[in-house]
Amino acid sequence: MAKAALLVNVENLKIVERDIPRPDTGEILIRVKSCAICGTDIKVFHHGHKHIVFPRITGHELSGVIEETGPAVKKFKPGDKVAVAPAIPCGECYYCRRGWQSMCDNLKAIGYHFDGGFAQYMIVPEVAVRNGCVNLVPDNLSFDEAALAEPLACVINGQQLSRVEMGDTVLILGAGPIGCLHAELAKNIGASKVILADVVQNRLDMAGFTGAIRVNTKQTDLKKFVAEQTDGRMADRVIVAVGVPEAQEQSLELVSKRGSVNFFGGLPKESPFARINTNILHYGESFVTGTHGSTPLHNRMALDFIAAGKFQIRNYISKKIPLEQIVEGLKEVEERKVVKIIVNP
Ligand SMILES: [Zn+2]
Ligand SMILES: [Zn+2]
């Protein structure tokens with residue numbers, strides 16, 4: 001028997017004892033060691049998700065040890081330390097064949113279509129194993145550090161889409177864990193100036209380790225501030241790492257000519273509209289993109305970046321909790337008291 005945090009229905013999360021699942025022919029059974037709580041876990045807890053049929057075990061930022069492999073699995077063996085990329089491409093559609101697996105027409109996800117990592121054991125489905133979602137974790141990384149490869153993978157995807165380059169001024173709206181990863185990645189790429197903006201002072205304080213210039217937009221006029229920082233040119237790259245329409249609207253006023261804006265955070269599905277001044281795009285020849293998740297390759301890159309010491313990953317881990325405290329953990333993340341909480345089931 002083994003424990004799992006089962007989301008029975010919206011806001012009804014139960015710790016249950018269940019049989020340890022057994023891997024089918026192409027599947028892998030993982031003993032989960034670390035699964036980080038993500039903002040979307042909170043959304044799902046309160047509102048469910050269109051791809052989730054209850055009951056479901058959520059959790060998608062995870063690492064662990066392979067316990068057992070199905071007979072068709074040749075690349076991995078019991079005892080392997082792995083991180084799992086939760087977004088599973090089909091490998092066959094047009095977008096997969098173009099190498100744009102995050103745009104897969106048949107995208108499935110661990111923690112949504114399949115049970116996730118808030119459990120002692122988890123099955124990695126065959127389609128995930130086949131499409132490269134299982135990545136070996138470099139020896140020098142802890143399981144907790146490896147679990148954070150998933151959010152970093154999404155950030156890497158975002159900055160590739162934003163085309164962040166050496167010498168850029170990069171402005172990030174939202175100083176949560178995603179904003180901090182963006183700040184660190186931009187610095188790694190060679191951005192000459194990185195600015196983190198937020199309305200919550202506590203978050204800005206926690207983001208100090210990134211070395212970014214921090215600005216509280218409740219106290220400071222952001223447009224003026226960015227203008228001062230850039231000799232009036234505004235930021236080359238603006239990354240909106242919050243799901244707030246007003247932030248999306250404002251972002252266009254903060255971008256330079258020929259610069260790019262990235263709507264990294266999605267808006268709620270009931271109100272997905274923002275009023276934007278499209279003349280800024282017209283006259284400024286600026287670009288707007290979004291970002292949706294990441295590919296298995298981005299996850300591989302993220303693990304290698306972390307293993308190479310390019311990110312201060314330990315600073316993201318505010319707290320570690322056992323599975324039994326997951327509801328409290330969700331609450332703390334929601335109240336923005338912490339950067340990241342890791343569940344060690
Ligand atoms: Zn996540
Ligand atoms: Zn596909």
# chains A, B, ... in the order shown; residues from 1 in each chain; ligands from 1
>>> residues_around(residues="Ala274 of chain A", least_positions_apart="5", cutoff="10 Å", atoms="only C-alpha atoms", output="NGL selection string")
:A and (244-250 or 267)
>>> residues_near_ligand(ligand="ligand 2", cutoff="8 Å", atoms="only C-alpha atoms and all ligand atoms", output="number ranges by chain")
A: 89-97, 101, 103-107
>>> closest_residue(among="A:Glu165, A:Asp41, A:Glu328, A:Glu68", to="ligand 1", atoms="only C-alpha atoms and all ligand atoms")
A:Asp41
>>> residues_near_ligand(ligand="ligand 1", cutoff="6 Å", atoms="only C-alpha atoms and all ligand atoms", output="list in words")
Cys38, Glu61 and Pro151 of chain A
>>> closest_residue(among="A:Leu173, A:Val164, A:Val240, A:Ala5", to="Gly190 of chain A", atoms="only C-alpha atoms")
A:Val164
>>> closest_residue(among="A:Gly179, A:Pro296, A:Pro268, A:Gly99", to="Asn131 of chain A", atoms="only C-alpha atoms")
A:Pro296
>>> residues_around(residues="Cys180 of chain A", least_positions_apart="4", cutoff="10 Å", atoms="only C-alpha atoms", output="PyMOL selection string")
chain A and resi 152+155+172+174-176+184-186+196+203-204+206-212+241+311-312+315-316+339
>>> select_by_dssp(residues="segment 203-341 of chain A", states="strand (DSSP E or B)", output="count of residues only")
30
>>> closest_atom_pairs(of="segment 36-117 of chain A", to="segment 12-31 of chain A", cutoff="6 Å", atoms="only C-alpha atoms", output="Markdown table")
| residue | atom | partner | partner_atom | distance |
| --- | --- | --- | --- | --- |
| A:Gly64 | CA | A:Arg31 | CA | 5.5 |
| A:Val65 | CA | A:Arg31 | CA | 5.3 |
| A:Ile66 | CA | A:Ile30 | CA | 4.5 |
| A:Glu67 | CA | A:Ile30 | CA | 5.3 |
| A:Glu68 | CA | A:Leu29 | CA | 5.1 |
| A:Thr69 | CA | A:Ile28 | CA | 4.5 |
| A:Gly70 | CA | A:Thr25 | CA | 4.2 |
| A:Pro71 | CA | A:Thr25 | CA | 5.2 |
| A:Ala72 | CA | A:Gly26 | CA | 4.9 |
| A:Val73 | CA | A:Gly26 | CA | 5.4 |
>>> write_last_selection(atoms="C-alpha atoms", output="mmCIF file, in the first residue's frame")
data_model
loop_
_atom_site.group_PDB
_atom_site.id
_atom_site.type_symbol
_atom_site.label_atom_id
_atom_site.label_comp_id
_atom_site.auth_asym_id
_atom_site.auth_seq_id
_atom_site.Cartn_x
_atom_site.Cartn_y
_atom_site.Cartn_z
ATOM 1 C CA GLY A 64 11.863 10.460 -8.338
ATOM 2 C CA VAL A 65 13.471 7.054 -8.677
ATOM 3 C CA ILE A 66 12.384 4.380 -11.113
ATOM 4 C CA GLU A 67 10.900 1.527 -9.126
ATOM 5 C CA GLU A 68 9.854 -0.756 -11.959
ATOM 6 C CA THR A 69 9.750 -0.649 -15.758
ATOM 7 C CA GLY A 70 7.308 -2.353 -18.116
ATOM 8 C CA PRO A 71 8.856 -5.133 -20.275
ATOM 9 C CA ALA A 72 8.994 -2.921 -23.405
ATOM 10 C CA VAL A 73 11.034 -0.175 -21.694
#
>>> residues_around(residues="Asn277 of chain A", least_positions_apart="4", cutoff="9 Å", atoms="only C-alpha atoms", output="JSON, numbers by chain")
{"A": [249, 252, 253, 281]}
>>> write_last_selection(atoms="N, CA and C atoms", output="tab-separated table (two decimals), in the first residue's frame")
chain	number	residue	atom	x	y	z
A	249	GLU	N	-2.33	44.85	-20.77
A	249	GLU	CA	-2.60	46.13	-21.42
A	249	GLU	C	-1.41	47.08	-21.27
A	252	LEU	N	2.31	46.77	-23.33
A	252	LEU	CA	2.61	47.34	-24.64
A	252	LEU	C	3.20	48.74	-24.54
A	253	GLU	N	2.89	49.42	-23.44
A	253	GLU	CA	3.45	50.76	-23.24
A	253	GLU	C	4.87	50.71	-22.69
A	281	LEU	N	1.92	48.62	-31.56
A	281	LEU	CA	2.50	47.54	-32.37
A	281	LEU	C	2.70	48.02	-33.80
>>> residues_around(residues="Ala83 of chain A", least_positions_apart="5", cutoff="12 Å", atoms="only C-alpha atoms", output="number ranges by chain")
A: 30-36, 60-66, 117, 124, 128-129, 132-138, 141-150, 153, 296, 299-304
>>> write_last_selection(atoms="C-alpha atoms", output="compact mmCIF listing (two decimals), in the first residue's frame")
# COMPACT_ATOMS: atom_id res chain seq x y z
CA ILE A 30 8.24 5.97 -10.22
CA ARG A 31 8.74 6.36 -6.50
CA VAL A 32 8.09 10.12 -6.29
CA LYS A 33 10.69 11.96 -4.20
CA SER A 34 9.81 15.61 -4.84
CA CYS A 35 6.82 17.36 -6.34
CA ALA A 36 6.68 21.15 -6.21
CA HIS A 60 3.35 18.01 -12.32
CA GLU A 61 6.73 19.40 -11.20
CA LEU A 62 8.32 16.18 -10.09
CA SER A 63 11.30 13.91 -9.77
CA GLY A 64 11.86 10.46 -8.34
CA VAL A 65 13.47 7.05 -8.68
CA ILE A 66 12.38 4.38 -11.11
CA GLY A 117 3.16 13.48 -8.47
CA VAL A 124 4.58 7.42 -16.38
CA ALA A 128 5.38 9.97 -22.30
CA VAL A 129 8.20 7.42 -22.14
CA GLY A 132 11.26 11.68 -24.29
CA CYS A 133 9.41 13.01 -21.24
CA VAL A 134 11.59 10.98 -18.85
CA ASN A 135 14.97 12.63 -18.28
CA LEU A 136 17.86 11.22 -16.24
CA VAL A 137 18.81 13.62 -13.45
CA PRO A 138 22.50 14.61 -13.30
CA LEU A 141 21.29 17.50 -8.37
CA SER A 142 18.97 16.76 -5.48
CA PHE A 143 15.44 15.55 -6.20
CA ASP A 144 14.10 18.90 -4.99
CA GLU A 145 16.30 20.81 -7.44
CA ALA A 146 15.37 18.43 -10.27
CA ALA A 147 11.65 19.01 -9.65
CA LEU A 148 12.15 22.68 -10.46
CA ALA A 149 13.41 21.84 -13.95
CA GLU A 150 9.76 21.86 -15.05
CA ALA A 153 11.66 24.53 -18.92
CA PRO A 296 10.72 17.42 -23.37
CA ASN A 299 13.13 19.99 -19.68
CA ARG A 300 16.43 18.34 -20.59
CA MET A 301 18.00 21.79 -21.08
CA ALA A 302 16.61 22.98 -17.74
CA LEU A 303 18.14 20.04 -15.87
CA ASP A 304 21.51 20.63 -17.51
>>> closest_residue(among="A:Ile57, A:Val194, A:Cys154, A:Ile42", to="Leu323 of chain A", atoms="only C-alpha atoms")
A:Ile57
>>> decode(residues="segment 169-211 of chain A", atoms="N, CA and C atoms", output="JSON list (two decimals), in the first residue's frame")
[["chain", "number", "residue", "atom", "x", "y", "z"],
["A", 169, "THR", "N", 17.50, 44.84, -22.51],
["A", 169, "THR", "CA", 16.87, 45.16, -21.24],
["A", 169, "THR", "C", 15.60, 44.32, -21.16],
["A", 170, "VAL", "N", 15.51, 43.50, -20.12],
["A", 170, "VAL", "CA", 14.37, 42.59, -19.98],
["A", 170, "VAL", "C", 13.56, 43.01, -18.76],
["A", 171, "LEU", "N", 12.29, 43.28, -19.00],
["A", 171, "LEU", "CA", 11.38, 43.66, -17.92],
["A", 171, "LEU", "C", 10.42, 42.52, -17.66],
["A", 172, "ILE", "N", 10.32, 42.11, -16.40],
["A", 172, "ILE", "CA", 9.45, 40.99, -16.05],
["A", 172, "ILE", "C", 8.38, 41.50, -15.09],
["A", 173, "LEU", "N", 7.11, 41.31, -15.46],
["A", 173, "LEU", "CA", 6.01, 41.71, -14.58],
["A", 173, "LEU", "C", 5.58, 40.48, -13.77],
["A", 174, "GLY", "N", 5.77, 40.55, -12.47],
["A", 174, "GLY", "CA", 5.46, 39.41, -11.60],
["A", 174, "GLY", "C", 6.75, 38.83, -11.04],
["A", 175, "ALA", "N", 6.95, 38.97, -9.72],
["A", 175, "ALA", "CA", 8.21, 38.54, -9.10],
["A", 175, "ALA", "C", 8.05, 37.25, -8.31],
["A", 176, "GLY", "N", 7.09, 36.41, -8.73],
["A", 176, "GLY", "CA", 6.95, 35.09, -8.11],
["A", 176, "GLY", "C", 8.06, 34.18, -8.60],
["A", 177, "PRO", "N", 7.94, 32.86, -8.33],
["A", 177, "PRO", "CA", 9.00, 31.94, -8.75],
["A", 177, "PRO", "C", 9.27, 31.98, -10.25],
["A", 178, "ILE", "N", 8.20, 32.12, -11.05],
["A", 178, "ILE", "CA", 8.38, 32.17, -12.51],
["A", 178, "ILE", "C", 9.13, 33.45, -12.90],
["A", 179, "GLY", "N", 8.75, 34.56, -12.28],
["A", 179, "GLY", "CA", 9.43, 35.82, -12.55],
["A", 179, "GLY", "C", 10.91, 35.73, -12.19],
["A", 180, "CYS", "N", 11.21, 35.11, -11.05],
["A", 180, "CYS", "CA", 12.61, 34.95, -10.62],
["A", 180, "CYS", "C", 13.39, 34.09, -11.60],
["A", 181, "LEU", "N", 12.78, 33.00, -12.07],
["A", 181, "LEU", "CA", 13.47, 32.15, -13.05],
["A", 181, "LEU", "C", 13.73, 32.93, -14.34],
["A", 182, "HIS", "N", 12.74, 33.73, -14.75],
["A", 182, "HIS", "CA", 12.93, 34.57, -15.94],
["A", 182, "HIS", "C", 14.11, 35.53, -15.73],
["A", 183, "ALA", "N", 14.18, 36.12, -14.54],
["A", 183, "ALA", "CA", 15.26, 37.08, -14.27],
["A", 183, "ALA", "C", 16.61, 36.38, -14.36],
["A", 184, "GLU", "N", 16.70, 35.22, -13.74],
["A", 184, "GLU", "CA", 17.99, 34.51, -13.75],
["A", 184, "GLU", "C", 18.35, 34.04, -15.16],
["A", 185, "LEU", "N", 17.36, 33.57, -15.92],
["A", 185, "LEU", "CA", 17.65, 33.09, -17.28],
["A", 185, "LEU", "C", 18.11, 34.26, -18.16],
["A", 186, "ALA", "N", 17.42, 35.41, -18.05],
["A", 186, "ALA", "CA", 17.79, 36.57, -18.85],
["A", 186, "ALA", "C", 19.24, 36.98, -18.56],
["A", 187, "LYS", "N", 19.61, 36.93, -17.29],
["A", 187, "LYS", "CA", 21.00, 37.26, -16.91],
["A", 187, "LYS", "C", 21.96, 36.25, -17.54],
["A", 188, "ASN", "N", 21.58, 34.98, -17.50],
["A", 188, "ASN", "CA", 22.43, 33.94, -18.10],
["A", 188, "ASN", "C", 22.62, 34.17, -19.60],
["A", 189, "ILE", "N", 21.57, 34.62, -20.26],
["A", 189, "ILE", "CA", 21.64, 34.84, -21.71],
["A", 189, "ILE", "C", 22.53, 36.04, -22.02],
["A", 190, "GLY", "N", 22.63, 36.95, -21.04],
["A", 190, "GLY", "CA", 23.49, 38.11, -21.26],
["A", 190, "GLY", "C", 22.74, 39.42, -21.36],
["A", 191, "ALA", "N", 21.51, 39.44, -20.84],
["A", 191, "ALA", "CA", 20.76, 40.70, -20.78],
["A", 191, "ALA", "C", 21.57, 41.70, -19.96],
["A", 192, "SER", "N", 21.63, 42.94, -20.42],
["A", 192, "SER", "CA", 22.46, 43.90, -19.68],
["A", 192, "SER", "C", 21.69, 44.49, -18.49],
["A", 193, "LYS", "N", 20.38, 44.49, -18.59],
["A", 193, "LYS", "CA", 19.58, 45.02, -17.49],
["A", 193, "LYS", "C", 18.34, 44.15, -17.32],
["A", 194, "VAL", "N", 18.07, 43.71, -16.09],
["A", 194, "VAL", "CA", 16.88, 42.90, -15.82],
["A", 194, "VAL", "C", 16.08, 43.58, -14.72],
["A", 195, "ILE", "N", 14.83, 43.87, -15.01],
["A", 195, "ILE", "CA", 13.96, 44.57, -14.05],
["A", 195, "ILE", "C", 12.79, 43.67, -13.68],
["A", 196, "LEU", "N", 12.57, 43.51, -12.37],
["A", 196, "LEU", "CA", 11.45, 42.71, -11.87],
["A", 196, "LEU", "C", 10.44, 43.65, -11.23],
["A", 197, "ALA", "N", 9.20, 43.61, -11.69],
["A", 197, "ALA", "CA", 8.17, 44.49, -11.15],
["A", 197, "ALA", "C", 7.06, 43.66, -10.49],
["A", 198, "ASP", "N", 6.55, 44.15, -9.37],
["A", 198, "ASP", "CA", 5.44, 43.46, -8.70],
["A", 198, "ASP", "C", 4.71, 44.47, -7.82],
["A", 199, "VAL", "N", 3.49, 44.10, -7.43],
["A", 199, "VAL", "CA", 2.73, 44.96, -6.51],
["A", 199, "VAL", "C", 2.89, 44.49, -5.06],
["A", 200, "VAL", "N", 3.42, 43.27, -4.88],
["A", 200, "VAL", "CA", 3.55, 42.71, -3.54],
["A", 200, "VAL", "C", 5.01, 42.85, -3.07],
["A", 201, "GLN", "N", 5.22, 43.70, -2.05],
["A", 201, "GLN", "CA", 6.59, 43.98, -1.59],
["A", 201, "GLN", "C", 7.29, 42.72, -1.10],
["A", 202, "ASN", "N", 6.54, 41.87, -0.41],
["A", 202, "ASN", "CA", 7.09, 40.62, 0.11],
["A", 202, "ASN", "C", 7.73, 39.77, -0.99],
["A", 203, "ARG", "N", 7.06, 39.74, -2.14],
["A", 203, "ARG", "CA", 7.59, 38.97, -3.27],
["A", 203, "ARG", "C", 8.88, 39.60, -3.80],
["A", 204, "LEU", "N", 8.87, 40.92, -3.88],
["A", 204, "LEU", "CA", 10.07, 41.61, -4.35],
["A", 204, "LEU", "C", 11.24, 41.36, -3.40],
["A", 205, "ASP", "N", 10.93, 41.36, -2.10],
["A", 205, "ASP", "CA", 11.99, 41.09, -1.11],
["A", 205, "ASP", "C", 12.56, 39.69, -1.31],
["A", 206, "MET", "N", 11.66, 38.71, -1.51],
["A", 206, "MET", "CA", 12.12, 37.32, -1.69],
["A", 206, "MET", "C", 12.92, 37.16, -2.98],
["A", 207, "ALA", "N", 12.69, 38.06, -3.95],
["A", 207, "ALA", "CA", 13.36, 37.94, -5.26],
["A", 207, "ALA", "C", 14.73, 38.62, -5.28],
["A", 208, "GLY", "N", 15.17, 39.11, -4.11],
["A", 208, "GLY", "CA", 16.44, 39.84, -4.06],
["A", 208, "GLY", "C", 17.63, 39.04, -4.58],
["A", 209, "PHE", "N", 17.60, 37.73, -4.34],
["A", 209, "PHE", "CA", 18.74, 36.89, -4.72],
["A", 209, "PHE", "C", 19.00, 36.87, -6.23],
["A", 210, "THR", "N", 18.00, 37.25, -7.03],
["A", 210, "THR", "CA", 18.18, 37.20, -8.49],
["A", 210, "THR", "C", 19.13, 38.30, -8.98],
["A", 211, "GLY", "N", 19.31, 39.32, -8.15],
["A", 211, "GLY", "CA", 20.17, 40.43, -8.57],
["A", 211, "GLY", "C", 19.50, 41.38, -9.55]]
